[in-house]
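Visitor: Contents are compact mmCIF, C-alpha atoms; file name my_file22.txt:
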```
# COMPACT_ATOMS: atom_id res chain seq x y z
CA MET X 1 -4.87 -8.30 29.46
CA ARG X 2 -3.18 -11.41 28.14
CA LEU X 3 -5.81 -13.44 26.28
CA VAL X 4 -5.04 -17.14 25.79
CA GLN X 5 -6.56 -20.33 24.49
CA PHE X 6 -5.83 -23.31 26.71
CA GLN X 7 -6.89 -26.78 27.64
CA THR X 8 -6.72 -28.95 30.71
CA GLY X 9 -6.50 -32.63 29.86
CA SER X 10 -8.54 -33.44 26.78
CA ASP X 11 -11.42 -31.03 27.35
CA GLY X 12 -10.79 -28.99 24.19
CA PRO X 13 -10.03 -25.27 23.88
CA ARG X 14 -11.14 -22.73 26.46
CA ILE X 15 -10.60 -18.98 26.75
CA GLY X 16 -8.52 -17.56 29.55
CA LEU X 17 -6.33 -14.76 30.82
CA GLU X 18 -2.71 -15.13 31.84
CA GLU X 19 -2.22 -13.25 35.10
CA LYS X 20 1.27 -12.40 33.83
CA ASP X 21 3.69 -13.81 31.26
CA GLY X 22 4.18 -17.41 32.35
CA GLY X 23 1.70 -17.03 35.19
CA ASN X 24 -1.49 -18.76 36.24
CA VAL X 25 -4.58 -18.66 34.03
CA ILE X 26 -8.03 -17.28 34.78
CA ASP X 27 -10.67 -19.54 33.23
CA LEU X 28 -13.07 -17.15 31.48
CA ASN X 29 -15.49 -19.92 30.51
CA ALA X 30 -15.82 -20.90 34.17
CA PHE X 31 -16.39 -17.25 35.12
CA ASP X 32 -19.08 -16.87 32.46
CA PRO X 33 -20.23 -20.13 30.81
CA SER X 34 -22.05 -18.17 28.10
CA LEU X 35 -18.75 -17.04 26.56
CA PRO X 36 -17.53 -18.85 23.44
CA ARG X 37 -14.77 -21.39 23.98
CA ARG X 38 -12.66 -20.35 20.97
CA MET X 39 -10.86 -17.05 20.48
CA ARG X 40 -12.23 -16.10 17.08
CA GLU X 41 -15.82 -16.42 18.29
CA PHE X 42 -14.87 -14.60 21.52
CA LEU X 43 -13.48 -11.67 19.53
CA GLU X 44 -16.57 -11.60 17.32
CA GLU X 45 -18.54 -10.61 20.45
CA GLY X 46 -16.46 -7.45 20.63
CA ASP X 47 -16.32 -5.08 23.57
CA ALA X 48 -18.93 -7.06 25.51
CA ALA X 49 -16.68 -10.12 25.69
CA LEU X 50 -13.64 -8.02 26.63
CA ALA X 51 -15.66 -6.38 29.40
CA VAL X 52 -16.43 -9.82 30.83
CA ALA X 53 -12.73 -10.65 30.72
CA ARG X 54 -11.90 -7.49 32.67
CA ARG X 55 -14.49 -8.38 35.32
CA ALA X 56 -13.02 -11.87 35.58
CA GLN X 57 -9.55 -10.39 35.97
CA GLU X 58 -10.77 -8.19 38.81
CA SER X 59 -12.72 -10.98 40.54
CA GLY X 60 -9.75 -13.10 41.58
CA GLN X 61 -11.85 -16.21 40.86
CA HIS X 62 -11.45 -19.34 38.72
CA ILE X 63 -7.65 -19.25 38.72
CA LEU X 64 -5.92 -22.37 37.42
CA PRO X 65 -2.31 -23.13 38.36
CA ARG X 66 -0.07 -22.93 35.32
CA SER X 67 1.01 -26.54 35.88
CA GLN X 68 -2.55 -27.67 35.11
CA VAL X 69 -2.82 -25.73 31.85
CA THR X 70 -1.57 -26.37 28.32
CA LEU X 71 -1.46 -23.19 26.25
CA LEU X 72 -2.66 -23.48 22.66
CA ALA X 73 -2.17 -20.92 19.90
CA PRO X 74 -4.13 -17.85 21.07
CA ILE X 75 -6.20 -18.12 17.92
CA SER X 76 -6.29 -21.28 15.85
CA ASN X 77 -9.01 -20.70 13.24
CA PRO X 78 -8.63 -17.20 11.80
CA GLY X 79 -10.26 -16.43 8.51
CA LYS X 80 -6.97 -15.00 7.22
CA VAL X 81 -3.28 -15.06 8.05
CA ILE X 82 -1.89 -11.97 6.30
CA CYS X 83 1.89 -11.62 6.07
CA VAL X 84 4.19 -8.77 5.11
CA GLY X 85 7.52 -9.19 3.31
CA LEU X 86 10.58 -6.95 3.49
CA ASN X 87 9.10 -4.79 6.24
CA TYR X 88 12.22 -4.10 8.33
CA ALA X 89 14.70 -1.49 7.12
CA ASP X 90 17.63 -3.41 8.60
CA HIS X 91 16.44 -6.63 6.88
CA CYS X 92 16.36 -4.78 3.54
CA ARG X 93 19.93 -3.59 4.13
CA GLU X 94 20.93 -7.16 4.94
CA GLN X 95 19.78 -8.21 1.46
CA ASN X 96 20.97 -5.04 -0.30
CA VAL X 97 17.48 -4.40 -1.67
CA ASN X 98 15.51 -1.18 -1.90
CA ILE X 99 12.96 -0.35 0.76
CA PRO X 100 9.50 -1.17 -0.68
CA GLU X 101 7.25 1.74 -1.60
CA GLU X 102 4.14 -0.32 -0.83
CA PRO X 103 3.60 -3.24 1.55
CA ILE X 104 4.45 -6.65 0.07
CA ILE X 105 1.59 -8.95 1.04
CA PHE X 106 1.39 -12.73 1.03
CA SER X 107 -0.38 -15.28 3.19
CA LYS X 108 -0.17 -18.50 5.14
CA PHE X 109 -3.06 -20.94 5.46
CA PRO X 110 -4.64 -21.14 8.95
CA SER X 111 -3.72 -24.84 8.98
CA SER X 112 -0.08 -23.78 9.44
CA ILE X 113 -0.82 -22.41 12.92
CA THR X 114 0.58 -24.21 15.95
CA GLY X 115 0.95 -23.42 19.63
CA PRO X 116 3.66 -21.45 21.44
CA TYR X 117 5.40 -24.57 22.75
CA ASP X 118 4.36 -27.16 20.16
CA ASP X 119 6.76 -28.90 17.79
CA ILE X 120 7.62 -27.59 14.35
CA ILE X 121 7.47 -30.50 11.92
CA HIS X 122 10.41 -30.48 9.51
CA PRO X 123 8.85 -31.63 6.23
CA ALA X 124 10.62 -34.30 4.21
CA GLU X 125 9.98 -32.12 1.13
CA SER X 126 12.41 -29.39 2.25
CA ASN X 127 16.11 -29.16 3.09
CA GLU X 128 16.09 -25.42 3.84
CA VAL X 129 13.75 -24.68 6.76
CA ASP X 130 14.39 -21.24 8.26
CA TRP X 131 13.27 -19.06 11.17
CA GLU X 132 11.64 -15.58 11.16
CA VAL X 133 10.62 -13.94 14.44
CA GLU X 134 7.77 -11.48 13.84
CA LEU X 135 5.40 -9.15 15.65
CA ALA X 136 1.82 -10.27 14.98
CA PHE X 137 -1.41 -8.42 15.59
CA VAL X 138 -5.02 -9.56 15.65
CA ILE X 139 -8.08 -7.81 14.27
CA GLY X 140 -10.88 -7.27 16.77
CA LYS X 141 -13.41 -5.30 14.71
CA LYS X 142 -14.73 -5.76 11.17
CA GLY X 143 -13.78 -3.12 8.63
CA LYS X 144 -13.19 -2.21 4.99
CA HIS X 145 -11.47 0.90 3.60
CA ILE X 146 -10.34 1.76 7.11
CA LYS X 147 -8.82 5.21 7.66
CA GLU X 148 -5.47 5.51 9.40
CA SER X 149 -6.99 7.55 12.22
CA ALA X 150 -9.34 4.64 13.00
CA ALA X 151 -6.95 1.76 12.27
CA MET X 152 -6.02 0.97 15.88
CA ASP X 153 -9.72 0.76 16.77
CA HIS X 154 -9.79 -2.41 14.63
CA VAL X 155 -6.82 -4.06 16.41
CA VAL X 156 -7.42 -6.01 19.62
CA GLY X 157 -3.82 -6.82 20.48
CA PHE X 158 -0.38 -8.20 19.69
CA MET X 159 1.54 -11.46 20.00
CA VAL X 160 4.74 -13.21 18.94
CA ALA X 161 4.93 -15.22 15.72
CA ASP X 162 7.49 -17.35 13.91
CA ASP X 163 7.06 -17.23 10.13
CA VAL X 164 8.80 -20.58 9.55
CA THR X 165 9.80 -20.85 5.90
CA ALA X 166 11.06 -23.52 3.53
CA ARG X 167 13.48 -21.37 1.53
CA ASP X 168 13.91 -23.92 -1.27
CA TRP X 169 10.16 -23.79 -1.96
CA GLN X 170 10.03 -20.01 -1.48
CA MET X 171 13.02 -19.07 -3.64
CA LYS X 172 13.76 -21.93 -6.03
CA ARG X 173 10.52 -23.76 -6.80
CA ASN X 174 6.83 -23.21 -7.56
CA GLY X 175 7.60 -20.27 -9.84
CA ASN X 176 9.02 -18.28 -6.91
CA GLN X 177 5.54 -17.95 -5.46
CA TRP X 178 5.96 -17.75 -1.69
CA LEU X 179 2.81 -19.52 -0.50
CA LEU X 180 3.90 -23.17 -0.46
CA GLY X 181 7.21 -22.44 1.23
CA LYS X 182 5.45 -20.48 3.94
CA THR X 183 2.49 -22.68 4.75
CA PHE X 184 3.56 -26.23 5.59
CA ASP X 185 1.73 -27.56 8.64
CA THR X 186 3.16 -26.12 11.92
CA PHE X 187 4.96 -23.29 10.07
CA CYS X 188 3.16 -20.58 12.07
CA PRO X 189 3.77 -20.82 15.85
CA LEU X 190 1.78 -18.09 17.63
CA GLY X 191 1.49 -16.86 21.19
CA PRO X 192 1.83 -17.28 24.00
CA ALA X 193 -0.96 -14.69 24.44
CA ILE X 194 -2.74 -11.88 22.65
CA VAL X 195 -1.66 -8.87 24.69
CA THR X 196 -4.46 -6.34 24.36
CA LYS X 197 -3.41 -2.95 23.07
CA ASP X 198 -4.65 -1.18 26.19
CA SER X 199 -2.36 -3.19 28.45
CA VAL X 200 0.17 -1.22 30.48
CA THR X 201 3.53 -2.78 31.14
CA GLU X 202 4.81 -3.10 34.68
CA LEU X 203 8.33 -2.03 33.74
CA THR X 204 7.88 1.02 31.56
CA ALA X 205 4.24 2.14 31.94
CA LEU X 206 4.11 2.46 28.15
CA SER X 207 0.88 1.54 26.42
CA LEU X 208 0.98 -1.15 23.77
CA SER X 209 -1.20 1.08 21.61
CA ASP X 210 2.19 2.03 20.11
CA PRO X 211 4.00 -1.31 19.80
CA HIS X 212 6.75 -0.06 17.55
CA LYS X 213 9.52 0.32 20.14
CA LEU X 214 9.91 -3.29 21.29
CA GLY X 215 13.01 -5.46 21.27
CA ILE X 216 12.56 -8.47 19.00
CA ARG X 217 14.87 -11.51 19.06
CA CYS X 218 15.28 -15.10 17.91
CA LYS X 219 17.57 -17.76 19.36
CA VAL X 220 18.37 -21.16 17.89
CA ASN X 221 19.68 -23.67 20.43
CA GLY X 222 20.35 -20.72 22.74
CA GLU X 223 22.42 -18.77 20.20
CA LEU X 224 21.14 -15.29 19.36
CA VAL X 225 20.48 -15.14 15.60
CA GLN X 226 18.12 -12.15 15.29
CA ASP X 227 18.25 -9.04 17.48
CA SER X 228 16.45 -5.85 16.44
CA ASN X 229 13.61 -3.53 17.39
CA THR X 230 10.12 -3.06 15.97
CA ASN X 231 11.06 0.59 15.34
CA GLN X 232 12.73 -0.80 12.20
CA MET X 233 9.32 -1.63 10.71
CA ILE X 234 8.78 0.25 7.45
CA PHE X 235 4.97 -0.05 7.43
CA LYS X 236 3.57 0.14 10.95
CA THR X 237 0.41 -1.49 12.25
CA GLN X 238 -1.90 1.36 11.22
CA ALA X 239 -0.51 1.51 7.68
CA LEU X 240 -0.93 -2.24 7.22
CA VAL X 241 -4.55 -2.16 8.37
CA VAL X 242 -5.28 0.69 5.96
CA TRP X 243 -3.50 -0.95 3.04
CA VAL X 244 -4.96 -4.44 3.31
CA SER X 245 -8.48 -3.18 4.03
CA ARG X 246 -8.43 -1.47 0.63
CA PHE X 247 -8.61 -4.93 -0.94
CA VAL X 248 -10.38 -7.22 1.54
CA THR X 249 -12.75 -6.90 4.46
CA LEU X 250 -11.00 -7.53 7.76
CA PHE X 251 -12.84 -9.63 10.33
CA PRO X 252 -12.34 -10.31 14.05
CA GLY X 253 -9.67 -12.94 14.48
CA ASP X 254 -7.74 -12.17 11.28
CA VAL X 255 -4.00 -12.34 12.00
CA PHE X 256 -1.24 -10.13 10.57
CA LEU X 257 2.45 -11.11 10.63
CA THR X 258 4.39 -7.89 10.15
CA GLY X 259 7.78 -8.98 8.83
CA THR X 260 11.12 -10.08 10.24
CA PRO X 261 14.41 -8.36 11.11
CA PRO X 262 17.85 -9.43 9.82
CA GLY X 263 19.57 -12.63 10.85
CA ILE X 264 17.62 -15.34 9.04
CA GLY X 265 19.53 -18.47 8.11
CA ALA X 266 19.26 -18.05 4.35
CA PHE X 267 21.42 -14.90 4.31
CA ARG X 268 24.18 -16.19 6.56
CA LYS X 269 27.52 -17.07 5.01
CA PRO X 270 27.34 -19.97 4.62
CA PRO X 271 23.54 -20.36 4.95
CA ILE X 272 22.29 -22.19 8.05
CA PHE X 273 18.99 -24.05 8.16
CA LEU X 274 17.03 -25.74 10.90
CA LYS X 275 17.50 -29.44 11.50
CA ARG X 276 15.52 -31.91 13.55
CA GLY X 277 16.29 -31.50 17.24
CA ASP X 278 16.89 -27.74 17.06
CA VAL X 279 15.02 -25.48 19.48
CA VAL X 280 13.83 -22.09 18.21
CA GLN X 281 12.94 -19.33 20.70
CA CYS X 282 11.24 -16.21 19.36
CA GLU X 283 10.65 -13.37 21.83
CA ILE X 284 9.40 -9.80 21.88
CA ASP X 285 9.68 -7.48 24.87
CA GLN X 286 6.43 -7.23 26.88
CA LEU X 287 4.72 -9.93 24.80
CA GLY X 288 6.51 -13.14 25.78
CA ALA X 289 8.30 -15.92 23.95
CA LEU X 290 7.65 -18.93 21.75
CA ARG X 291 9.76 -22.03 22.27
CA ASN X 292 9.40 -24.72 19.61
CA LYS X 293 11.41 -27.85 18.92
CA VAL X 294 11.96 -28.98 15.34
CA VAL X 295 11.07 -32.66 14.88
```
Let me see whether you can do it: turn the structure in this file into structure tokens.

Guide:
Amino acid sequence: MRLVQFQTGSDGPRIGLEEKDGGNVIDLNAFDPSLPRRMREFLEEGDAALAVARRAQESGQHILPRSQVTLLAPISNPGKVICVGLNYADHCREQNVNIPEEPIIFSKFPSSITGPYDDIIHPAESNEVDWEVELAFVIGKKGKHIKESAAMDHVVGFMVADDVTARDWQMKRNGNQWLLGKTFDTFCPLGPAIVTKDSVTELTALSLSDPHKLGIRCKVNGELVQDSNTNQMIFKTQALVVWVSRFVTLFPGDVFLTGTPPGIGAFRKPPIFLKRGDVVQCEIDQLGALRNKVV
């Protein structure tokens, strides 16, 4: 299933299912008005809410034409946005740094989240705004000290993310702490959907329960700038769930961004940074694509 948050007009967020990537949307709140209207609260209801979504998918009812729907970020109010640095082997080689022995964890504030087609606001405070396409996953079940064998039980699905970064604030200011450079408003486009891990692709019949063989790309103004595969991830989904749950309790709706492949602007020669008017497209096979204009 492809879980989405959407709105029609000014009616506020609703929960839906994309019939396919870019397709029409099944209105889950119309199918069952007792369902929450926001994704975090929907996920907190666990398997019962997902079972309703499957019944709605099978019913063929309450289908809205895509032209009538505005997709929002699939989840807009997570308790945590957990990010991983230096998590692609080819990105480490790009920087000539050693592969980390343990996951490097940082965060973005939830207020940085924006939708899959919304604008990225270029802050006046930065001259070095950069792109980072990333595989994201979403927690669907509460847990602490989770074992690797049970880690995927706590993941509901996957989506595309862009870890937009102000490199000057990440690398040159604020004591080289990453948070401020990572968390300006609109610096976390997500979507277009949470693709549940039990989904089966039409093309390959491979389950997304192993999402570590997916092409991952970023284009700026149509030019390919990042092109890799999630098989380059050093710490896979299960390892990240295990590691982070050692320190904090994970809750439904928590979002993980799992790192970026090579090709970011900061390491180009000379460096290239985003400017107002640029269009950034981040895409991952089977999951879809973000398309955001910098303003």

Visitor: What residues have an atom no more than 10 Å from (2.9, -17.1, 31.3) in the file's own frame, counting only C-alpha atoms, and can you write them as a list in words?

Guide: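 The requested residues, written out, are Arg2, Val4, Leu17, Glu18, Glu19, Lys20, Asp21, Gly22, Gly23, Asn24, Val25, Arg66, Leu71, Pro192, Ala193, Leu287, Gly288 and Ala289 of chain X.
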
Visitor: Using all atoms listed in the file, which of X:Asp285, X:His91, X:Asn98, X:Ser199 sits nearest Gln226 of chain X?

Guide: X:His91

Visitor: For Thr186 of chain X, list every protein, DNA or RNA residue within 8 Å, evaluated using only C-alpha atoms, and leave out those in the same chain fewer than 6 positions away; present the list as number ranges by chain.

Guide: X: 111-114, 119-121

Visitor: Just C-alpha atoms for this one: save the residues we selected as a tab-separated table (two decimals), in the frame of the given file.

Guide:
```
chain	number	residue	atom	x	y	z
X	111	SER	CA	-3.72	-24.84	8.98
X	112	SER	CA	-0.08	-23.78	9.44
X	113	ILE	CA	-0.82	-22.41	12.92
X	114	THR	CA	0.58	-24.21	15.95
X	119	ASP	CA	6.76	-28.90	17.79
X	120	ILE	CA	7.62	-27.59	14.35
X	121	ILE	CA	7.47	-30.50	11.92
```

Visitor: Between atom CA of Lys219 of chain X and atom CA of Ser76 of chain X, what distance in Å does the model show, to one decimal?

Guide: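 Those two atoms sit 24.4 Å apart.
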
Visitor: Between atom CA of Phe235 of chain X and atom CA of Ile284 of chain X, measure the distance and give it in Å to one decimal.

Guide: 18.0 Å

Visitor: Check the smallest atom-to-atom distance from each of X:Ala150, X:Pro252, X:Leu290, X:Tyr88 to Gly46 of chain X using all atoms listed in the file, then report the winner.

Guide: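 Ranking X:Ala150, X:Pro252, X:Leu290, X:Tyr88 by distance to Gly46 of chain X, first place goes to X:Pro252.
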
Visitor: Nearest residue to Leu3 of chain X out of X:Pro123, X:Gly265, X:Gly157, X:Pro100, using all atoms listed in the file?

Guide: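 Result for the nearest residue to Leu3 of chain X: X:Gly157.
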
Visitor: Taking (4.8, -25.2, 21.8) in the file's coordinates as the center, which residues reach within 7 Å of it, counting all atoms listed in the file, put as a list in words?

Guide: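 Nearby residues: Gly115, Pro116, Tyr117, Asp118, Asp119, Leu290, Arg291 and Asn292 of chain X.
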
Visitor: Suppose we keep C-alpha atoms; can you now write the selection as a compact mmCIF listing (two decimals), in the frame of the given file?

Guide:
```
# COMPACT_ATOMS: atom_id res chain seq x y z
CA GLY X 115 0.95 -23.42 19.63
CA PRO X 116 3.66 -21.45 21.44
CA TYR X 117 5.40 -24.57 22.75
CA ASP X 118 4.36 -27.16 20.16
CA ASP X 119 6.76 -28.90 17.79
CA LEU X 290 7.65 -18.93 21.75
CA ARG X 291 9.76 -22.03 22.27
CA ASN X 292 9.40 -24.72 19.61
```
